[in-house]
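Visitor: Contents of work10.cif (mmCIF, N, CA and C atoms) are given next:
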data_start
#
loop_
_atom_site.label_atom_id
_atom_site.label_comp_id
_atom_site.auth_asym_id
_atom_site.auth_seq_id
_atom_site.Cartn_x
_atom_site.Cartn_y
_atom_site.Cartn_z
N ARG A 123 116.27 99.68 72.52
CA ARG A 123 117.16 98.61 72.10
C ARG A 123 116.39 97.46 71.49
N HIS A 124 115.20 97.24 72.02
CA HIS A 124 114.36 96.18 71.49
C HIS A 124 114.09 96.44 70.00
N MET A 125 114.03 97.70 69.65
CA MET A 125 113.75 98.07 68.28
C MET A 125 115.04 98.35 67.51
N ARG A 126 116.17 97.91 68.08
CA ARG A 126 117.51 98.04 67.50
C ARG A 126 117.96 99.50 67.39
N LYS A 127 117.46 100.33 68.27
CA LYS A 127 117.88 101.72 68.33
C LYS A 127 118.08 102.08 69.80
N GLU A 128 119.02 102.96 70.05
CA GLU A 128 119.20 103.49 71.40
C GLU A 128 118.08 104.49 71.66
N PRO A 129 117.53 104.47 72.87
CA PRO A 129 116.48 105.45 73.17
C PRO A 129 117.06 106.86 73.24
N ILE A 130 116.26 107.83 72.87
CA ILE A 130 116.65 109.23 72.96
C ILE A 130 116.08 109.76 74.27
N VAL A 131 116.93 110.26 75.13
CA VAL A 131 116.51 110.77 76.42
C VAL A 131 116.76 112.27 76.45
N THR A 132 115.73 113.04 76.76
CA THR A 132 115.86 114.49 76.87
C THR A 132 115.65 114.86 78.33
N LEU A 133 116.70 115.35 78.97
CA LEU A 133 116.59 115.78 80.35
C LEU A 133 115.94 117.16 80.37
N MET A 134 114.92 117.31 81.16
CA MET A 134 114.17 118.56 81.19
C MET A 134 114.72 119.55 82.21
N GLU A 135 115.43 119.08 83.23
CA GLU A 135 115.99 119.97 84.25
C GLU A 135 116.90 120.97 83.57
N GLY A 136 116.65 122.25 83.78
CA GLY A 136 117.46 123.30 83.19
C GLY A 136 117.06 123.70 81.79
N HIS A 137 116.25 122.90 81.11
CA HIS A 137 115.81 123.20 79.75
C HIS A 137 114.93 124.45 79.78
N ASN A 138 115.33 125.50 79.08
CA ASN A 138 114.60 126.78 79.08
C ASN A 138 114.36 127.29 80.50
N GLY A 139 115.34 127.05 81.38
CA GLY A 139 115.25 127.55 82.75
C GLY A 139 114.41 126.71 83.69
N ALA A 140 113.99 125.52 83.24
CA ALA A 140 113.13 124.67 84.08
C ALA A 140 113.84 124.27 85.37
N LYS A 141 113.13 124.38 86.45
CA LYS A 141 113.59 123.91 87.76
C LYS A 141 112.57 122.87 88.21
N LEU A 142 112.88 121.63 87.93
CA LEU A 142 111.92 120.57 88.21
C LEU A 142 112.11 120.03 89.62
N GLY A 143 111.03 119.61 90.21
CA GLY A 143 111.09 119.04 91.55
C GLY A 143 111.24 117.54 91.47
N TYR A 144 110.15 116.86 91.38
CA TYR A 144 110.14 115.40 91.39
C TYR A 144 109.11 114.92 90.39
N SER A 145 109.39 113.80 89.75
CA SER A 145 108.45 113.32 88.74
C SER A 145 107.37 112.43 89.33
N GLN A 146 107.69 111.68 90.36
CA GLN A 146 106.68 110.82 90.96
C GLN A 146 106.48 111.26 92.40
N VAL A 147 105.44 112.02 92.61
CA VAL A 147 105.14 112.57 93.92
C VAL A 147 103.75 112.09 94.32
N ILE A 148 103.60 111.79 95.60
CA ILE A 148 102.30 111.40 96.11
C ILE A 148 101.65 112.66 96.68
N PHE A 149 100.53 113.03 96.12
CA PHE A 149 99.81 114.21 96.58
C PHE A 149 98.65 113.77 97.46
N ALA A 150 98.40 114.55 98.50
CA ALA A 150 97.27 114.29 99.39
C ALA A 150 96.64 115.62 99.76
N ALA A 151 95.32 115.64 99.79
CA ALA A 151 94.60 116.85 100.18
C ALA A 151 94.88 117.16 101.64
N ASP A 152 94.82 118.45 102.00
CA ASP A 152 95.09 118.86 103.38
C ASP A 152 94.27 118.06 104.39
N GLU A 153 93.02 117.79 104.07
CA GLU A 153 92.17 117.06 105.02
C GLU A 153 92.63 115.62 105.23
N CYS A 154 93.47 115.10 104.34
CA CYS A 154 94.02 113.75 104.50
C CYS A 154 95.28 113.75 105.36
N LEU A 155 95.70 114.91 105.79
CA LEU A 155 96.93 115.02 106.57
C LEU A 155 96.67 115.42 108.02
N THR A 156 95.48 115.06 108.50
CA THR A 156 95.14 115.35 109.89
C THR A 156 94.64 114.07 110.56
N GLY A 157 94.89 113.96 111.85
CA GLY A 157 94.38 112.83 112.64
C GLY A 157 94.82 111.48 112.11
N ASP A 158 93.91 110.52 112.16
CA ASP A 158 94.20 109.14 111.74
C ASP A 158 94.52 109.05 110.25
N LYS A 159 93.95 109.96 109.47
CA LYS A 159 94.20 109.94 108.02
C LYS A 159 95.67 110.18 107.72
N LYS A 160 96.31 111.04 108.49
CA LYS A 160 97.73 111.32 108.28
C LYS A 160 98.56 110.06 108.51
N GLU A 161 98.18 109.28 109.51
CA GLU A 161 98.90 108.03 109.79
C GLU A 161 98.77 107.05 108.62
N VAL A 162 97.61 107.02 107.98
CA VAL A 162 97.42 106.16 106.81
C VAL A 162 98.36 106.59 105.68
N VAL A 163 98.44 107.89 105.42
CA VAL A 163 99.33 108.41 104.38
C VAL A 163 100.78 108.09 104.73
N GLN A 164 101.16 108.29 105.99
CA GLN A 164 102.53 107.99 106.41
C GLN A 164 102.86 106.52 106.22
N THR A 165 101.95 105.65 106.61
CA THR A 165 102.17 104.20 106.45
C THR A 165 102.27 103.83 104.97
N PHE A 166 101.41 104.43 104.16
CA PHE A 166 101.48 104.17 102.71
C PHE A 166 102.86 104.55 102.17
N CYS A 167 103.36 105.73 102.55
CA CYS A 167 104.68 106.17 102.09
C CYS A 167 105.78 105.23 102.57
N GLU A 168 105.73 104.84 103.84
CA GLU A 168 106.73 103.93 104.39
C GLU A 168 106.75 102.61 103.62
N LYS A 169 105.58 102.04 103.39
CA LYS A 169 105.50 100.75 102.70
C LYS A 169 105.89 100.87 101.23
N THR A 170 105.55 102.01 100.61
CA THR A 170 105.94 102.24 99.22
C THR A 170 107.46 102.20 99.10
N PHE A 171 108.16 102.90 99.98
CA PHE A 171 109.61 102.95 99.88
C PHE A 171 110.29 101.70 100.42
N GLU A 172 109.62 100.94 101.27
CA GLU A 172 110.14 99.61 101.61
C GLU A 172 110.10 98.74 100.35
N GLY A 173 109.03 98.87 99.58
CA GLY A 173 108.93 98.12 98.32
C GLY A 173 110.00 98.53 97.34
N TRP A 174 110.27 99.84 97.23
CA TRP A 174 111.34 100.30 96.34
C TRP A 174 112.70 99.78 96.80
N ALA A 175 112.94 99.79 98.11
CA ALA A 175 114.22 99.27 98.62
C ALA A 175 114.37 97.80 98.23
N HIS A 176 113.28 97.04 98.33
CA HIS A 176 113.32 95.63 97.93
C HIS A 176 113.59 95.50 96.43
N ALA A 177 112.95 96.34 95.62
CA ALA A 177 113.16 96.29 94.17
C ALA A 177 114.60 96.64 93.81
N ILE A 178 115.19 97.57 94.53
CA ILE A 178 116.58 97.95 94.27
C ILE A 178 117.53 96.82 94.64
N GLU A 179 117.24 96.16 95.74
CA GLU A 179 118.09 95.04 96.19
C GLU A 179 117.88 93.79 95.33
N ASN A 180 116.69 93.62 94.78
CA ASN A 180 116.31 92.40 94.06
C ASN A 180 115.60 92.72 92.75
N PRO A 181 116.30 93.32 91.77
CA PRO A 181 115.61 93.74 90.55
C PRO A 181 114.96 92.59 89.77
N GLU A 182 115.59 91.42 89.78
CA GLU A 182 115.00 90.29 89.04
C GLU A 182 113.68 89.87 89.67
N GLN A 183 113.63 89.85 91.00
CA GLN A 183 112.39 89.51 91.68
C GLN A 183 111.33 90.60 91.44
N ALA A 184 111.77 91.85 91.37
CA ALA A 184 110.85 92.95 91.09
C ALA A 184 110.21 92.78 89.71
N VAL A 185 110.98 92.31 88.74
CA VAL A 185 110.43 92.05 87.41
C VAL A 185 109.31 91.02 87.51
N GLU A 186 109.53 89.96 88.27
CA GLU A 186 108.51 88.93 88.43
C GLU A 186 107.26 89.50 89.10
N MET A 187 107.46 90.40 90.06
CA MET A 187 106.33 91.01 90.75
C MET A 187 105.54 91.92 89.80
N VAL A 188 106.24 92.64 88.93
CA VAL A 188 105.57 93.49 87.94
C VAL A 188 104.76 92.62 86.99
N ARG A 189 105.35 91.52 86.57
CA ARG A 189 104.63 90.60 85.66
C ARG A 189 103.36 90.08 86.33
N GLU A 190 103.48 89.70 87.59
CA GLU A 190 102.31 89.18 88.31
C GLU A 190 101.23 90.25 88.44
N ALA A 191 101.64 91.48 88.74
CA ALA A 191 100.67 92.58 88.85
C ALA A 191 99.98 92.83 87.51
N ARG A 192 100.74 92.78 86.43
CA ARG A 192 100.14 92.97 85.10
C ARG A 192 99.10 91.90 84.81
N LYS A 193 99.39 90.65 85.21
CA LYS A 193 98.42 89.57 85.02
C LYS A 193 97.16 89.81 85.85
N MET A 194 97.37 90.17 87.12
CA MET A 194 96.23 90.39 88.03
C MET A 194 95.33 91.52 87.52
N LEU A 195 95.91 92.53 86.90
CA LEU A 195 95.16 93.69 86.42
C LEU A 195 94.77 93.57 84.95
N ASN A 196 95.01 92.41 84.35
CA ASN A 196 94.72 92.16 82.94
C ASN A 196 95.42 93.14 82.01
N LEU A 197 96.59 93.60 82.39
CA LEU A 197 97.33 94.54 81.55
C LEU A 197 98.08 93.83 80.43
N ASP A 198 98.22 92.51 80.54
CA ASP A 198 98.86 91.77 79.46
C ASP A 198 98.03 91.78 78.19
N ASP A 199 96.73 92.05 78.34
CA ASP A 199 95.83 92.05 77.19
C ASP A 199 95.84 93.38 76.44
N GLU A 200 96.44 94.41 77.05
CA GLU A 200 96.45 95.72 76.42
C GLU A 200 97.50 95.80 75.33
N GLU A 201 97.17 96.50 74.29
CA GLU A 201 98.15 96.75 73.24
C GLU A 201 98.73 98.14 73.48
N ASN A 202 100.04 98.24 73.47
CA ASN A 202 100.67 99.54 73.62
C ASN A 202 102.01 99.52 72.90
N ASP A 203 102.54 100.71 72.69
CA ASP A 203 103.80 100.82 71.95
C ASP A 203 104.98 101.14 72.85
N HIS A 204 104.79 101.08 74.16
CA HIS A 204 105.89 101.45 75.05
C HIS A 204 106.31 100.31 75.98
N TRP A 205 105.73 99.16 75.82
CA TRP A 205 106.09 98.03 76.66
C TRP A 205 106.39 96.82 75.78
N HIS A 206 107.54 96.25 75.98
CA HIS A 206 107.95 95.08 75.20
C HIS A 206 108.20 93.94 76.18
N SER A 207 107.40 92.91 76.10
CA SER A 207 107.54 91.79 77.02
C SER A 207 108.76 90.96 76.65
N SER A 208 109.87 91.31 77.26
CA SER A 208 111.09 90.52 77.10
C SER A 208 111.87 90.65 78.40
N ASP A 209 112.63 89.62 78.72
CA ASP A 209 113.40 89.63 79.96
C ASP A 209 114.34 90.83 80.02
N ASP A 210 115.05 91.11 78.93
CA ASP A 210 116.01 92.21 78.91
C ASP A 210 115.32 93.56 79.11
N PHE A 211 114.22 93.79 78.38
CA PHE A 211 113.52 95.07 78.48
C PHE A 211 112.98 95.27 79.90
N GLU A 212 112.32 94.27 80.43
CA GLU A 212 111.69 94.42 81.74
C GLU A 212 112.72 94.63 82.84
N LEU A 213 113.85 93.94 82.78
CA LEU A 213 114.89 94.13 83.78
C LEU A 213 115.51 95.53 83.65
N GLU A 214 115.75 95.97 82.43
CA GLU A 214 116.31 97.31 82.23
C GLU A 214 115.33 98.38 82.71
N PHE A 215 114.05 98.18 82.44
CA PHE A 215 113.02 99.12 82.87
C PHE A 215 113.00 99.26 84.40
N VAL A 216 113.02 98.13 85.10
CA VAL A 216 113.02 98.14 86.56
C VAL A 216 114.28 98.81 87.09
N LYS A 217 115.41 98.52 86.48
CA LYS A 217 116.66 99.13 86.93
C LYS A 217 116.67 100.64 86.72
N LYS A 218 116.10 101.12 85.61
CA LYS A 218 116.01 102.57 85.36
C LYS A 218 115.11 103.23 86.39
N CYS A 219 114.00 102.61 86.72
CA CYS A 219 113.13 103.15 87.77
C CYS A 219 113.87 103.17 89.11
N ASN A 220 114.60 102.10 89.38
CA ASN A 220 115.37 102.03 90.62
C ASN A 220 116.39 103.16 90.71
N GLU A 221 117.03 103.48 89.59
CA GLU A 221 118.02 104.57 89.57
C GLU A 221 117.37 105.89 89.99
N ALA A 222 116.16 106.14 89.52
CA ALA A 222 115.46 107.38 89.88
C ALA A 222 115.15 107.40 91.37
N VAL A 223 114.70 106.28 91.90
CA VAL A 223 114.36 106.21 93.32
C VAL A 223 115.61 106.33 94.18
N GLU A 224 116.72 105.77 93.72
CA GLU A 224 117.97 105.86 94.50
C GLU A 224 118.40 107.30 94.72
N LYS A 225 118.04 108.18 93.82
CA LYS A 225 118.39 109.60 93.96
C LYS A 225 117.64 110.27 95.10
N THR A 226 116.58 109.63 95.60
CA THR A 226 115.82 110.22 96.70
C THR A 226 116.37 109.80 98.06
N LYS A 227 117.41 109.00 98.06
CA LYS A 227 117.99 108.56 99.34
C LYS A 227 118.94 109.65 99.82
N LYS A 228 118.63 110.20 100.97
CA LYS A 228 119.38 111.33 101.47
C LYS A 228 120.21 110.91 102.69
N ASP A 229 121.47 111.26 102.66
CA ASP A 229 122.37 110.98 103.78
C ASP A 229 122.39 109.50 104.17
N GLY A 230 122.18 108.62 103.19
CA GLY A 230 122.22 107.19 103.45
C GLY A 230 121.10 106.69 104.34
N SER A 231 120.08 107.51 104.54
CA SER A 231 119.02 107.13 105.48
C SER A 231 117.96 106.24 104.84
N ARG A 232 117.07 106.84 104.11
CA ARG A 232 115.96 106.09 103.53
C ARG A 232 115.58 106.69 102.19
N TYR A 233 114.86 105.90 101.41
CA TYR A 233 114.39 106.37 100.11
C TYR A 233 113.17 107.26 100.29
N GLY A 234 112.94 108.14 99.32
CA GLY A 234 111.74 108.95 99.31
C GLY A 234 111.86 110.26 100.04
N VAL A 235 113.07 110.65 100.41
CA VAL A 235 113.25 111.90 101.14
C VAL A 235 113.28 113.05 100.14
N ILE A 236 112.44 114.02 100.36
CA ILE A 236 112.37 115.17 99.47
C ILE A 236 113.26 116.28 100.03
N ASP A 237 114.09 116.82 99.18
CA ASP A 237 114.96 117.93 99.55
C ASP A 237 114.10 119.20 99.51
N SER A 238 113.90 119.82 100.67
CA SER A 238 112.98 120.96 100.74
C SER A 238 113.45 122.14 99.90
N SER A 239 114.77 122.34 99.75
CA SER A 239 115.23 123.46 98.93
C SER A 239 114.97 123.18 97.44
N ARG A 240 115.13 121.92 97.02
CA ARG A 240 114.82 121.57 95.62
C ARG A 240 113.33 121.74 95.36
N TRP A 241 112.51 121.33 96.32
CA TRP A 241 111.06 121.48 96.20
C TRP A 241 110.72 122.97 96.08
N SER A 242 111.34 123.79 96.93
CA SER A 242 111.08 125.22 96.94
C SER A 242 111.47 125.86 95.61
N ASP A 243 112.65 125.48 95.07
CA ASP A 243 113.08 126.02 93.77
C ASP A 243 112.09 125.68 92.67
N ALA A 244 111.61 124.43 92.67
CA ALA A 244 110.65 124.01 91.65
C ALA A 244 109.33 124.78 91.81
N THR A 245 108.89 124.97 93.05
CA THR A 245 107.65 125.69 93.30
C THR A 245 107.77 127.14 92.83
N LYS A 246 108.89 127.78 93.16
CA LYS A 246 109.10 129.18 92.73
C LYS A 246 109.09 129.28 91.21
N TRP A 247 109.73 128.31 90.55
CA TRP A 247 109.78 128.32 89.08
C TRP A 247 108.37 128.14 88.51
N LEU A 248 107.60 127.20 89.07
CA LEU A 248 106.25 126.95 88.57
C LEU A 248 105.31 128.13 88.82
N LEU A 249 105.52 128.81 89.93
CA LEU A 249 104.62 129.90 90.32
C LEU A 249 105.29 131.26 90.13
N GLU A 250 106.10 131.35 89.11
CA GLU A 250 106.86 132.59 88.84
C GLU A 250 105.94 133.80 88.85
N GLY A 251 106.37 134.84 89.55
CA GLY A 251 105.60 136.07 89.60
C GLY A 251 104.62 136.15 90.76
N LYS A 252 104.48 135.06 91.49
CA LYS A 252 103.57 135.05 92.65
C LYS A 252 104.43 135.07 93.91
N ASP A 253 104.66 136.26 94.42
CA ASP A 253 105.57 136.45 95.55
C ASP A 253 104.96 136.08 96.90
N ASP A 254 103.65 135.88 96.96
CA ASP A 254 103.01 135.62 98.24
C ASP A 254 102.98 134.12 98.61
N ILE A 255 103.72 133.30 97.89
CA ILE A 255 103.75 131.86 98.15
C ILE A 255 104.84 131.56 99.18
N SER A 256 104.49 130.78 100.20
CA SER A 256 105.47 130.45 101.23
C SER A 256 106.53 129.50 100.67
N LYS A 257 107.70 129.49 101.30
CA LYS A 257 108.83 128.68 100.85
C LYS A 257 108.48 127.20 100.77
N GLU A 258 107.64 126.73 101.67
CA GLU A 258 107.33 125.30 101.73
C GLU A 258 105.92 125.01 101.20
N PHE A 259 105.42 125.84 100.30
CA PHE A 259 104.09 125.65 99.72
C PHE A 259 103.96 124.24 99.17
N GLY A 260 102.94 123.53 99.60
CA GLY A 260 102.67 122.20 99.08
C GLY A 260 103.57 121.12 99.63
N PHE A 261 104.37 121.44 100.66
CA PHE A 261 105.33 120.47 101.17
C PHE A 261 105.14 120.31 102.68
N ASP A 262 104.83 119.08 103.11
CA ASP A 262 104.70 118.78 104.53
C ASP A 262 105.73 117.71 104.88
N GLY A 263 106.87 118.14 105.37
CA GLY A 263 107.97 117.23 105.68
C GLY A 263 107.68 116.28 106.83
N SER A 264 106.59 116.51 107.55
CA SER A 264 106.27 115.63 108.68
C SER A 264 105.54 114.36 108.24
N VAL A 265 105.12 114.30 106.97
CA VAL A 265 104.40 113.13 106.50
C VAL A 265 105.33 111.94 106.34
N TYR A 266 106.51 112.18 105.77
CA TYR A 266 107.46 111.09 105.58
C TYR A 266 108.85 111.63 105.67
#
As structure tokens, what does this structure read like?
Guide:
Amino acid sequence: RHMRKEPIVTLMEGHNGAKLGYSQVIFAADECLTGDKKEVVQTFCEKTFEGWAHAIENPEQAVEMVREARKMLNLDDEENDHWHSSDDFELEFVKKCNEAVEKTKKDGSRYGVIDSSRWSDATKWLLEGKDDISKEFGFDGSVY
């Protein structure tokens, strides 16, 4: 819209049979999911989704927080073609991200819940032809 055109969005789910899982997933090596390290990963996930809940409840404040982070990381100095510093763009961007995160809220409980059957479908699609893969390959529901 900033460029006076509507963005073109191509949904990939179902495209040529694609079974997608999740676009923003936190991956951790098996050794990070044992003992005290697992607690660190769990806490990180909890705090991440507390932050998303806050962004969903307060999108305008989230925009200000993104701006502050960009300043702290000197990202304002970068030239790119996908970010337009304007109030409208930044608020719309945050709201679109919030919409994606809202889809992870299961049974009204909390954000970031992964549907194990959706994960399994995506895994089977990605590993087509490999029958020896367990249903929950790469998925540890006890982390978050």
Visitor: I need the residue nearest Cys219 of chain A from this list: A:Ala177, A:Asp243, A:Glu190, A:Leu248. Use only C-alpha atoms for the distance.
Guide: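 Comparing A:Ala177, A:Asp243, A:Glu190, A:Leu248 against Cys219 of chain A, the winner is A:Ala177.
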Visitor: Among segment 140-187 of chain A, which ones does DSSP assign to alpha helix (DSSP H) (computed from the backbone)? Answer as a ChimeraX atom specification.
Guide: /A:157-179,181-187
Visitor: Please report the interatomic distance between atom CA of Gly234 of chain A and atom CA of Glu168 of chain A in Å with one decimal.
Guide: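 Computed distance, atom CA of Gly234 of chain A to atom CA of Glu168 of chain A, equals 8.7 Å.
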Visitor: What is the distance, in Å and to one decimal place, between atom CA of Phe149 of chain A and atom CA of Phe261 of chain A?
Guide: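 It comes out at 9.5 Å.
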Visitor: Between atom CA of Glu221 of chain A and atom C of Trp174 of chain A, what distance in Å does the model show, to one decimal?
Guide: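 Separating atom CA of Glu221 of chain A from atom C of Trp174 of chain A is a distance of 10.2 Å.
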Visitor: I'd like to know which of A:Ala244, A:Lys193, A:Val185, A:Gly263 is closest to Leu213 of chain A, using only N, CA and C atoms.
Guide: A:Val185
Visitor: So, counting all atoms listed in the file, which residue among A:Thr245, A:Ser238, A:Asn220, A:Thr226 is closest to Ile178 of chain A?
Guide: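 Once distances to Ile178 of chain A are computed over all atoms listed in the file, the minimum belongs to A:Asn220.
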Visitor: Grab all the atoms of segment 217-222 of chain A that the file lists, wrap them in a box along x, y and z, add 5 Å per side, and give me centre plus edge lengths in Å (one decimal) as AutoDock Vina command-line options.
Guide:
--center_x 115.6 --center_y 103.0 --center_z 88.4 --size_x 14.9 --size_y 18.9 --size_z 16.0
Visitor: Excluding Lys169 of chain A and its own-chain neighbours fewer than 5 positions away, which residues fall within 12 Å of it when counting only C-alpha atoms? Please give them as a PDB file with N, CA and C atoms, in the coordinates of the input.
Guide:
ATOM      1  N   VAL A 162      97.610 107.020 107.980  1.00  0.00           N
ATOM      2  CA  VAL A 162      97.420 106.160 106.810  1.00  0.00           C
ATOM      3  C   VAL A 162      98.360 106.590 105.680  1.00  0.00           C
ATOM      4  N   VAL A 163      98.440 107.890 105.420  1.00  0.00           N
ATOM      5  CA  VAL A 163      99.330 108.410 104.380  1.00  0.00           C
ATOM      6  C   VAL A 163     100.780 108.090 104.730  1.00  0.00           C
ATOM      7  N   GLN A 164     101.160 108.290 105.990  1.00  0.00           N
ATOM      8  CA  GLN A 164     102.530 107.990 106.410  1.00  0.00           C
ATOM      9  C   GLN A 164     102.860 106.520 106.220  1.00  0.00           C
ATOM     10  N   TRP A 174     110.270  99.840  97.230  1.00  0.00           N
ATOM     11  CA  TRP A 174     111.340 100.300  96.340  1.00  0.00           C
ATOM     12  C   TRP A 174     112.700  99.780  96.800  1.00  0.00           C
ATOM     13  N   ALA A 175     112.940  99.790  98.110  1.00  0.00           N
ATOM     14  CA  ALA A 175     114.220  99.270  98.620  1.00  0.00           C
ATOM     15  C   ALA A 175     114.370  97.800  98.230  1.00  0.00           C
ATOM     16  N   HIS A 176     113.280  97.040  98.330  1.00  0.00           N
ATOM     17  CA  HIS A 176     113.320  95.630  97.930  1.00  0.00           C
ATOM     18  C   HIS A 176     113.590  95.500  96.430  1.00  0.00           C
ATOM     19  N   ARG A 232     117.070 106.840 104.110  1.00  0.00           N
ATOM     20  CA  ARG A 232     115.960 106.090 103.530  1.00  0.00           C
ATOM     21  C   ARG A 232     115.580 106.690 102.190  1.00  0.00           C
ATOM     22  N   TYR A 233     114.860 105.900 101.410  1.00  0.00           N
ATOM     23  CA  TYR A 233     114.390 106.370 100.110  1.00  0.00           C
ATOM     24  C   TYR A 233     113.170 107.260 100.290  1.00  0.00           C
ATOM     25  N   GLY A 234     112.940 108.140  99.320  1.00  0.00           N
ATOM     26  CA  GLY A 234     111.740 108.950  99.310  1.00  0.00           C
ATOM     27  C   GLY A 234     111.860 110.260 100.040  1.00  0.00           C
ATOM     28  N   TYR A 266     106.510 112.180 105.770  1.00  0.00           N
ATOM     29  CA  TYR A 266     107.460 111.090 105.580  1.00  0.00           C
ATOM     30  C   TYR A 266     108.850 111.630 105.670  1.00  0.00           C
TER      31      TYR A 266
END
Visitor: Given the choices A:Asn196, A:Phe211, A:Val216, A:Glu153, which gets closest to Gln183 of chain A if the distance is worked out from only C-alpha atoms?
Guide: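 For Gln183 of chain A, the nearest of the candidates is A:Val216.
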Visitor: Pick the closest to Pro181 of chain A from A:Lys217, A:Leu197, A:Thr156, A:Ile236: which is it, counting only N, CA and C atoms?
Guide: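 Distance minimum relative to Pro181 of chain A lands on A:Lys217.
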Visitor: Compare A:Asp152, A:Lys160, A:Phe215, A:Ser231 by their minimum atom-to-atom distance to Glu182 of chain A, counting only C-alpha atoms, and give me the closest one.
Guide: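 With only C-alpha atoms as the atom set, the closest residue is A:Phe215.
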